[in-house]
>>> print(open('input-v3.csv').read())   # CSV, C-alpha atoms
chain,number,residue,atom,x,y,z
K,17,MET,CA,-18.1,11.2,-2.9
K,18,ASN,CA,-16.4,9.3,-5.7
K,19,ILE,CA,-14.0,11.3,-7.8
K,20,ILE,CA,-12.5,8.6,-10.0
K,21,GLU,CA,-14.0,5.3,-11.2
K,22,LEU,CA,-12.4,2.7,-13.4
K,23,LYS,CA,-15.0,0.3,-14.9
K,24,HIS,CA,-13.9,-2.9,-16.5
K,25,VAL,CA,-10.6,-1.4,-17.7
K,26,THR,CA,-8.3,-3.7,-19.8
K,27,LYS,CA,-5.0,-2.7,-21.3
K,28,LYS,CA,-3.6,-5.0,-24.0
K,29,TYR,CA,-0.5,-4.2,-26.0
K,30,ASP,CA,0.2,-4.9,-29.7
K,31,ASP,CA,2.5,-7.8,-28.8
K,32,GLY,CA,-0.4,-9.5,-27.0
K,33,PHE,CA,0.7,-8.7,-23.4
K,34,VAL,CA,-2.2,-7.9,-21.1
K,35,ALA,CA,-1.1,-5.3,-18.6
K,36,LEU,CA,-4.5,-4.9,-17.0
K,37,LYS,CA,-7.3,-7.4,-16.8
K,38,ASP,CA,-10.9,-6.1,-16.2
K,39,ILE,CA,-9.9,-3.5,-13.5
K,40,ASN,CA,-12.7,-2.0,-11.4
K,41,LEU,CA,-11.8,0.5,-8.7
K,42,THR,CA,-13.3,3.5,-7.0
K,43,ILE,CA,-11.4,6.5,-5.6
K,44,GLU,CA,-13.2,8.8,-3.1
K,45,SER,CA,-12.4,12.5,-2.8
K,46,GLY,CA,-10.0,13.7,-0.2
K,47,LYS,CA,-8.3,10.4,0.6
K,48,PHE,CA,-4.7,9.1,0.2
K,49,TYR,CA,-4.6,5.9,-1.9
K,50,SER,CA,-1.7,3.7,-2.8
K,51,LEU,CA,-1.4,1.3,-5.8
K,52,LEU,CA,0.9,-1.3,-4.4
K,53,GLY,CA,2.6,-4.2,-6.2
K,54,PRO,CA,5.8,-5.7,-7.7
K,55,SER,CA,7.3,-4.6,-11.0
K,56,GLY,CA,5.0,-5.4,-13.9
K,57,SER,CA,1.9,-5.7,-11.7
K,58,GLY,CA,0.0,-2.9,-13.6
K,59,LYS,CA,0.1,-0.1,-11.0
K,60,THR,CA,1.9,2.5,-13.2
K,61,THR,CA,-0.3,1.5,-16.1
K,62,ILE,CA,-3.4,2.4,-14.1
K,63,LEU,CA,-1.9,5.7,-13.1
K,64,ARG,CA,-1.0,6.5,-16.8
K,65,ILE,CA,-4.6,5.7,-17.9
K,66,ILE,CA,-6.1,7.9,-15.2
K,67,ALA,CA,-3.7,10.7,-16.2
K,68,GLY,CA,-4.5,10.3,-19.9
K,69,PHE,CA,-0.9,9.4,-20.9
K,70,SER,CA,-2.1,6.0,-22.0
K,71,SER,CA,-5.4,4.7,-23.3
K,72,ALA,CA,-7.3,1.7,-22.2
K,73,THR,CA,-8.0,-1.1,-24.7
K,74,SER,CA,-11.5,-1.3,-23.2
K,75,GLY,CA,-13.4,0.0,-20.3
K,76,GLN,CA,-14.4,3.4,-19.0
K,77,ILE,CA,-12.8,6.1,-16.8
K,78,LEU,CA,-15.1,8.5,-14.9
K,79,PHE,CA,-14.0,11.7,-13.2
K,80,ASP,CA,-16.5,13.4,-11.0
K,81,GLY,CA,-19.1,11.2,-12.7
K,82,LYS,CA,-18.2,12.4,-16.2
K,83,ASP,CA,-16.7,10.0,-18.8
K,84,ILE,CA,-13.1,11.1,-19.5
K,85,THR,CA,-12.0,7.9,-21.3
K,86,ASN,CA,-11.1,9.7,-24.4
K,87,LEU,CA,-10.4,13.2,-22.9
K,88,ASP,CA,-6.9,14.7,-23.6
K,89,ALA,CA,-4.5,14.6,-20.7
K,90,ALA,CA,-4.1,18.4,-20.5
K,91,LYS,CA,-7.9,18.8,-19.9
K,92,ARG,CA,-8.1,16.5,-16.9
K,93,HIS,CA,-8.2,18.2,-13.5
K,94,LEU,CA,-5.2,16.4,-12.1
K,95,ASN,CA,-1.4,16.6,-12.0
K,96,THR,CA,1.4,14.1,-11.9
K,97,VAL,CA,4.7,14.0,-9.9
K,98,PHE,CA,7.0,11.7,-11.8
K,99,GLN,CA,9.7,9.4,-10.5
K,100,ASN,CA,12.5,11.6,-11.8
K,101,TYR,CA,10.6,14.8,-10.8
K,102,ALA,CA,10.9,16.2,-14.4
K,103,LEU,CA,12.2,19.6,-13.2
K,104,PHE,CA,13.7,22.1,-15.6
K,105,PRO,CA,17.4,22.3,-14.7
K,106,HIS,CA,17.9,25.7,-16.4
K,107,LEU,CA,15.1,27.4,-14.4
K,108,ASP,CA,15.3,28.3,-10.7
K,109,VAL,CA,12.8,27.1,-8.1
K,110,TYR,CA,10.5,30.0,-8.6
K,111,GLU,CA,10.4,29.6,-12.4
K,112,ASN,CA,9.8,25.8,-12.1
K,113,VAL,CA,6.9,26.2,-9.7
K,114,ALA,CA,5.4,29.2,-11.7
K,115,PHE,CA,5.8,27.5,-15.1
K,116,ALA,CA,2.2,26.2,-15.5
K,117,LEU,CA,0.7,29.6,-14.4
K,118,LYS,CA,2.9,31.5,-16.8
K,119,LEU,CA,1.7,29.2,-19.6
K,120,LYS,CA,-1.8,30.3,-18.7
K,121,LYS,CA,-0.7,33.9,-18.9
K,122,LYS,CA,-1.8,34.6,-15.3
K,123,PRO,CA,-1.0,38.1,-13.9
K,124,GLU,CA,2.5,38.3,-12.3
K,125,LYS,CA,1.1,39.4,-9.0
K,126,GLU,CA,-1.2,36.3,-8.9
K,127,ILE,CA,1.7,34.1,-9.9
K,128,LYS,CA,4.0,35.4,-7.1
K,129,ALA,CA,1.3,34.9,-4.5
K,130,ALA,CA,0.5,31.4,-5.7
K,131,VAL,CA,4.2,30.4,-5.8
K,132,LYS,CA,4.8,31.8,-2.3
K,133,GLU,CA,1.8,29.8,-1.0
K,134,ALA,CA,2.9,26.6,-2.8
K,135,LEU,CA,6.5,26.8,-1.4
K,136,HIS,CA,5.2,27.5,2.0
K,137,THR,CA,3.0,24.4,1.8
K,138,VAL,CA,6.0,22.2,1.0
K,139,ARG,CA,8.2,24.0,3.6
K,140,LEU,CA,10.5,25.6,1.1
K,141,ASP,CA,10.1,29.3,2.2
K,142,GLY,CA,13.1,31.2,1.1
K,143,TYR,CA,14.1,28.8,-1.7
K,144,ALA,CA,12.5,30.6,-4.6
K,145,ASN,CA,15.8,31.9,-6.1
K,146,ARG,CA,17.8,28.6,-5.6
K,147,GLU,CA,19.0,26.7,-8.6
K,148,ILE,CA,17.7,23.1,-9.0
K,149,SER,CA,21.3,21.8,-8.9
K,150,GLU,CA,21.7,23.3,-5.5
K,151,LEU,CA,18.9,21.3,-3.9
K,152,SER,CA,19.0,17.9,-2.2
K,153,GLY,CA,16.8,15.0,-3.5
K,154,GLY,CA,14.2,15.7,-0.9
K,155,GLN,CA,14.1,19.4,-1.7
K,156,GLN,CA,13.7,18.7,-5.4
K,157,GLN,CA,10.8,16.4,-4.5
K,158,ARG,CA,9.1,19.3,-2.7
K,159,VAL,CA,9.6,21.6,-5.7
K,160,ALA,CA,8.0,19.0,-8.0
K,161,ILE,CA,5.0,18.8,-5.5
K,162,ALA,CA,4.8,22.5,-5.3
K,163,ARG,CA,4.7,22.8,-9.1
K,164,ALA,CA,2.0,20.1,-9.2
K,165,ILE,CA,-0.3,21.7,-6.6
K,166,ILE,CA,-0.1,25.3,-7.8
K,167,ASN,CA,-2.9,24.6,-10.2
K,168,LYS,CA,-5.0,23.3,-7.3
K,169,PRO,CA,-5.8,20.0,-9.0
K,170,LYS,CA,-8.6,17.8,-7.6
K,171,VAL,CA,-6.3,14.7,-7.8
K,172,LEU,CA,-2.5,14.4,-7.5
K,173,LEU,CA,-0.8,11.3,-9.0
K,174,LEU,CA,2.6,10.3,-7.7
K,175,ASP,CA,4.5,7.7,-9.6
K,176,GLU,CA,7.2,6.0,-7.4
K,177,SER,CA,8.1,9.5,-6.4
K,178,LEU,CA,10.1,8.5,-3.3
K,179,SER,CA,12.1,5.7,-4.9
K,180,ALA,CA,15.2,7.9,-5.7
K,181,LEU,CA,15.6,9.0,-2.1
K,182,ASP,CA,17.7,7.3,0.6
K,183,LYS,CA,16.0,5.6,3.5
K,184,ARG,CA,16.1,8.5,5.9
K,185,LEU,CA,14.8,11.0,3.4
K,186,ARG,CA,12.0,8.5,2.3
K,187,LYS,CA,10.8,8.4,5.9
K,188,GLU,CA,10.8,12.1,6.1
K,189,MET,CA,8.9,12.6,2.9
K,190,GLN,CA,6.3,10.0,3.9
K,191,PHE,CA,5.4,12.3,6.7
K,192,GLU,CA,5.6,15.3,4.4
K,193,LEU,CA,3.4,13.9,1.8
K,194,ARG,CA,0.7,12.8,4.3
K,195,ALA,CA,0.8,16.2,6.0
K,196,ILE,CA,0.5,18.0,2.6
K,197,GLN,CA,-2.4,15.8,1.5
K,198,LYS,CA,-4.2,16.5,4.8
K,199,LYS,CA,-3.6,20.2,4.6
K,200,LEU,CA,-4.8,20.5,1.0
K,201,GLY,CA,-7.6,18.0,1.3
K,202,ILE,CA,-7.1,16.8,-2.3
K,203,THR,CA,-7.0,13.2,-3.4
K,204,PHE,CA,-3.5,11.6,-3.7
K,205,ILE,CA,-2.9,8.4,-5.7
K,206,PHE,CA,0.5,7.1,-5.0
K,207,VAL,CA,2.3,4.3,-6.9
K,208,THR,CA,4.8,2.2,-5.0
K,209,HIS,CA,6.3,-1.2,-4.6
K,210,ASP,CA,7.3,-0.5,-1.0
K,211,GLN,CA,4.9,-2.2,1.4
K,212,GLU,CA,6.0,-0.2,4.5
K,213,GLU,CA,5.5,3.0,2.5
K,214,ALA,CA,2.0,2.1,1.5
K,215,LEU,CA,1.0,1.0,5.0
K,216,ALA,CA,2.4,4.1,6.6
K,217,MET,CA,0.7,6.7,4.4
K,218,SER,CA,-2.5,5.4,2.9
K,219,ASP,CA,-6.1,5.6,3.8
K,220,GLU,CA,-6.7,2.7,1.4
K,221,ILE,CA,-4.5,0.4,-0.7
K,222,PHE,CA,-5.0,-1.5,-3.9
K,223,VAL,CA,-2.7,-4.5,-4.0
K,224,LEU,CA,-2.0,-5.5,-7.6
K,225,ASN,CA,-0.3,-8.5,-9.2
K,226,GLU,CA,-0.2,-9.6,-12.8
K,227,GLY,CA,-2.7,-7.0,-14.0
K,228,THR,CA,-5.4,-7.7,-11.4
K,229,ILE,CA,-6.4,-6.2,-8.1
K,230,GLN,CA,-5.7,-8.9,-5.5
K,231,GLN,CA,-7.2,-7.0,-2.6
K,232,SER,CA,-8.3,-3.5,-1.6
K,233,GLY,CA,-8.9,-1.9,1.8
K,234,THR,CA,-7.4,-0.1,4.7
K,235,PRO,CA,-3.8,-0.9,5.7
K,236,VAL,CA,-5.0,-2.6,8.8
K,237,ASP,CA,-7.5,-4.7,6.9
K,238,ILE,CA,-5.0,-5.8,4.3
K,239,TYR,CA,-2.3,-6.6,6.8
K,240,ASP,CA,-4.5,-8.4,9.3
K,241,GLU,CA,-6.8,-10.1,6.8
K,242,PRO,CA,-5.0,-11.0,3.6
K,243,VAL,CA,-7.3,-12.7,1.1
K,244,ASN,CA,-4.7,-15.0,-0.4
K,245,ASP,CA,-1.1,-16.2,-0.4
K,246,PHE,CA,0.3,-13.5,-2.6
K,247,VAL,CA,-1.1,-10.6,-0.4
K,248,ALA,CA,0.0,-12.4,2.8
K,249,ARG,CA,3.6,-12.8,1.5
K,250,PHE,CA,3.8,-9.4,-0.2
K,251,ILE,CA,2.5,-7.3,2.7
K,252,GLY,CA,5.0,-7.8,5.5
K,253,ASP,CA,6.5,-11.0,6.8
K,254,SER,CA,4.3,-14.0,7.3
K,255,ASN,CA,4.4,-17.6,8.5
K,256,ILE,CA,2.2,-19.6,6.2
K,257,VAL,CA,1.6,-23.3,6.9
K,258,PRO,CA,-0.9,-25.8,5.5
K,259,GLY,CA,-3.9,-26.6,7.6
K,260,LYS,CA,-7.4,-28.1,7.6
K,261,MET,CA,-10.6,-26.4,8.8
K,262,ILE,CA,-12.3,-28.6,11.5
K,263,GLN,CA,-15.3,-26.4,12.0
K,264,ASP,CA,-16.2,-22.7,12.4
K,265,TYR,CA,-13.6,-21.1,14.7
K,266,GLU,CA,-11.4,-24.2,14.9
K,267,VAL,CA,-8.5,-25.1,12.6
K,268,GLU,CA,-5.9,-27.8,12.5
K,269,PHE,CA,-2.2,-27.2,11.6
K,270,VAL,CA,1.1,-28.8,12.6
K,271,ASN,CA,-1.0,-31.8,13.8
K,272,LYS,CA,-2.8,-29.8,16.5
K,273,ARG,CA,-6.2,-28.1,16.7
K,274,PHE,CA,-6.5,-24.4,17.6
K,275,GLU,CA,-9.3,-22.0,18.3
K,276,CYS,CA,-9.4,-19.3,15.6
K,277,ALA,CA,-11.5,-16.3,14.6
K,278,ASP,CA,-12.5,-17.6,11.1
K,279,ALA,CA,-15.7,-19.1,9.9
K,280,GLY,CA,-17.6,-19.9,6.8
K,281,ILE,CA,-15.2,-22.5,5.5
K,282,ASN,CA,-16.3,-26.1,4.8
K,283,PRO,CA,-15.3,-28.7,7.5
K,284,ARG,CA,-12.2,-30.8,6.5
K,285,GLU,CA,-11.4,-28.2,3.8
K,286,LYS,CA,-7.7,-27.7,3.2
K,287,VAL,CA,-6.5,-24.2,4.0
K,288,GLU,CA,-3.5,-22.1,4.5
K,289,VAL,CA,-2.8,-20.6,8.0
K,290,VAL,CA,-1.1,-17.3,8.5
K,291,LEU,CA,0.6,-16.1,11.7
K,292,ARG,CA,2.5,-12.8,11.6
K,293,PRO,CA,6.0,-12.9,13.2
K,294,GLU,CA,5.2,-10.1,15.7
K,295,ASP,CA,2.1,-12.1,16.9
K,296,LEU,CA,4.3,-14.9,18.2
K,297,ASP,CA,5.4,-14.6,21.8
K,298,ILE,CA,8.4,-16.6,23.1
K,299,VAL,CA,7.5,-18.4,26.3
K,300,SER,CA,8.7,-21.5,28.1
K,301,PRO,CA,8.0,-24.8,26.2
K,302,GLU,CA,5.4,-25.9,28.7
K,303,LYS,CA,3.4,-22.6,28.2
K,304,GLY,CA,3.7,-22.6,24.4
K,305,LYS,CA,1.0,-23.7,22.0
K,306,LEU,CA,3.9,-24.7,19.7
K,307,VAL,CA,7.4,-25.9,20.7
K,308,VAL,CA,10.2,-24.9,18.3
K,309,THR,CA,14.0,-24.9,18.2
K,310,VAL,CA,15.8,-21.6,17.6
K,311,GLU,CA,18.0,-21.8,14.5
K,312,SER,CA,19.3,-18.2,14.2
K,313,GLN,CA,18.9,-14.7,15.6
K,314,LEU,CA,19.6,-11.2,14.2
K,315,PHE,CA,19.4,-7.9,16.0
K,316,LEU,CA,17.7,-5.4,13.7
K,317,GLY,CA,17.7,-2.3,16.0
K,318,ASP,CA,14.1,-2.2,17.2
K,319,HIS,CA,13.6,-6.0,17.4
K,320,PHE,CA,15.3,-9.4,17.1
K,321,GLU,CA,14.5,-11.5,14.0
K,322,ILE,CA,14.5,-15.1,15.1
K,323,LYS,CA,14.2,-18.2,12.9
K,324,ALA,CA,13.1,-21.5,14.4
K,325,HIS,CA,11.7,-24.9,13.3
K,326,ASP,CA,9.2,-27.3,14.7
K,327,GLY,CA,9.0,-31.0,14.8
K,328,ASP,CA,7.4,-31.1,11.4
K,329,GLU,CA,10.3,-29.0,10.0
K,330,ASN,CA,8.1,-26.0,9.4
K,331,GLU,CA,10.3,-22.8,9.6
K,332,TRP,CA,8.9,-20.1,11.9
K,333,LEU,CA,9.9,-16.4,11.8
K,334,ILE,CA,9.5,-14.5,15.1
K,335,HIS,CA,9.9,-10.8,15.8
K,336,SER,CA,10.7,-10.2,19.4
K,337,THR,CA,12.1,-7.4,21.5
K,338,ASN,CA,13.8,-9.9,23.8
K,339,PRO,CA,16.7,-12.1,22.7
K,340,THR,CA,16.9,-15.9,23.1
K,341,GLU,CA,19.6,-18.5,22.5
K,342,VAL,CA,20.4,-20.3,19.3
K,343,GLY,CA,19.8,-24.0,19.7
K,344,LYS,CA,17.3,-23.5,22.6
K,345,GLU,CA,13.9,-25.1,22.6
K,346,VAL,CA,11.2,-22.5,23.3
K,347,GLY,CA,7.4,-22.3,23.3
K,348,LEU,CA,5.4,-20.0,21.0
K,349,TYR,CA,2.2,-18.5,22.3
K,350,PHE,CA,-0.5,-16.7,20.2
K,351,ASP,CA,-4.1,-15.8,20.6
K,352,PRO,CA,-7.0,-17.1,18.4
K,353,GLU,CA,-7.3,-13.7,16.8
K,354,ASP,CA,-3.7,-13.9,15.6
K,355,ILE,CA,-4.5,-16.9,13.4
K,356,HIS,CA,-5.8,-16.0,9.9
K,357,VAL,CA,-7.2,-18.8,7.8
K,358,MET,CA,-7.1,-18.5,4.0
K,359,ARG,CA,-9.1,-20.6,1.5
K,360,PHE,CA,-7.3,-21.7,-1.7
K,361,GLY,CA,-8.4,-19.6,-4.7
K,362,GLU,CA,-10.9,-17.4,-2.7
K,363,SER,CA,-11.6,-14.1,-4.4
K,364,GLU,CA,-11.7,-10.8,-2.6
K,365,ALA,CA,-15.5,-10.6,-3.1
K,366,GLU,CA,-16.0,-14.1,-1.7
K,367,PHE,CA,-13.8,-13.3,1.3
K,368,ASP,CA,-15.6,-10.0,2.0
K,369,ALA,CA,-19.0,-11.8,1.7
K,370,ARG,CA,-17.9,-14.5,4.1
K,371,LEU,CA,-16.6,-12.0,6.6
K,372,GLU,CA,-19.7,-9.8,6.4
K,373,LYS,CA,-22.0,-12.8,6.9
K,374,TYR,CA,-20.3,-14.0,10.1
K,375,GLU,CA,-19.7,-10.5,11.5
K,376,GLY,CA,-23.4,-9.9,11.0
K,377,GLU,CA,-24.2,-13.1,12.9
K,378,ASP,CA,-22.0,-12.0,15.8
K,379,GLU,CA,-23.7,-8.7,16.0
K,380,ASP,CA,-27.2,-10.4,16.1
K,381,GLU,CA,-26.1,-12.6,19.0
K,382,ASN,CA,-24.9,-9.5,20.9
>>> encode(input="input-v3.csv", output="structure tokens")
Amino acid sequence: MNIIELKHVTKKYDDGFVALKDINLTIESGKFYSLLGPSGSGKTTILRIIAGFSSATSGQILFDGKDITNLDAAKRHLNTVFQNYALFPHLDVYENVAFALKLKKKPEKEIKAAVKEALHTVRLDGYANREISELSGGQQQRVAIARAIINKPKVLLLDESLSALDKRLRKEMQFELRAIQKKLGITFIFVTHDQEEALAMSDEIFVLNEGTIQQSGTPVDIYDEPVNDFVARFIGDSNIVPGKMIQDYEVEFVNKRFECADAGINPREKVEVVLRPEDLDIVSPEKGKLVVTVESQLFLGDHFEIKAHDGDENEWLIHSTNPTEVGKEVGLYFDPEDIHVMRFGESEAEFDARLEKYEGEDEDEN
């Protein structure tokens, strides 16, 4: 069931800057979504328009099928967790979490029960009487979430809400947020510029750049099948080299022809070829599909990051659990499914149509 829809939403400021360009997106109930992109891509603007803190220049916003484009923010069935948490420093944890219910003049017995339940959900049992200044960053984050969920909103909006935490706490809170979302069963919309964060937590991701949605889909789809150069480079590390499509399921790059899994591209058409660093296996030169010379190697804890170059001076990034030697000539092996071919200027809709057509033909053959 769709809970939020943005239809042809554009946001233009008085100085002429266009923050959003004809945005169309659909949010289903009960899922965890991420709006992912660099600074200035439009992700926070989308969140503010959904929340009602900012108005669209044109377009329509639907909530549960009802038009809320001009509805006051306070009347929308959603809450927001801000980047700085926006907690009241002069109130303790209990008073912060209870604030919204007290404004509604709910009975004290009902408020106590609701606060207890909210603090239990975010694993802050026993913290009700703590001062905000006594809490760690991660604990303050949980208080902000407890305050947001106490009203039982249908949608929770989170604006870069993990960015103030250190790396270890961010990892912990990623698990926490996902667990809370699963437990409550409400829709989360999370704004972030951190690719790993979005990939780890989301059911679906919208990748934005310069006010447009570049691609949307599951983390696996976006990582394995980027529709363009921007997505391929922004979502994880990539090796991207120029190539030429020979025919369906055959592509040429670095002056060699390789079997691939892509089809629907014109023969002889110039393309870009993507190979992820973790899909490149280091083998002996005679067993490799490519032969490269190792330039550098860094140990990053769970893998070695290796840089190499081929005879055409293309640089190759390799992630391997096994070390090699700088200056050594090695082979690189990869499977046809590891090669992803991108057309220049192909839209997400065109990419999806091409993929659907050839997947359908494969099913018919089987």
>>> residues_around(input="input-v3.csv", residues="range 187-204 of chain K", least_positions_apart="6", cutoff="7 Å", atoms="only C-alpha atoms", output="PyMOL selection string")
chain K and resi 45-49+137+170-173+217
>>> closest_residue(input="input-v3.csv", among="K:His106, K:Arg249, K:Arg284, K:Lys125", to="Gln263 in chain K", atoms="only C-alpha atoms")
K:Arg284
>>> closest_residue(input="input-v3.csv", among="K:Glu302, K:Glu366, K:Glu111, K:Glu126", to="Ala160 in chain K", atoms="all atoms listed in the file")
K:Glu111
>>> closest_residue(input="input-v3.csv", among="K:Ile43, K:Val267, K:Leu316, K:Val357", to="Glu288 in chain K", atoms="only C-alpha atoms")
K:Val357
>>> residues_near_point(input="input-v3.csv", point="(-16.6, 9.0, 0.3)", cutoff="7 Å", atoms="all atoms listed in the file", output="list in words")
Met17, Asn18, Glu44 and Ser45 of chain K
>>> residues_near_point(input="input-v3.csv", point="(-6.6, 8.0, -25.5)", cutoff="10 Å", atoms="only C-alpha atoms", output="number ranges by chain")
K: 65, 68-73, 84-89
>>> residues_around(input="input-v3.csv", residues="Ala279 in chain K", least_positions_apart="2", cutoff="12 Å", atoms="all atoms listed in the file", output="list in words")
Met261, Ile262, Gln263, Asp264, Tyr265, Glu266, Val267, Glu275, Cys276, Ala277, Ile281, Asn282, Pro283, Glu285, Ile355, His356, Val357, Met358, Arg359, Phe367, Ala369, Arg370, Leu371, Glu372, Lys373, Tyr374, Glu375, Glu377 and Asp378 of chain K
>>> atom_distance(input="input-v3.csv", atom1="CA of Asp175 in chain K", atom2="CA of Gly75 in chain K")
22.2 Å
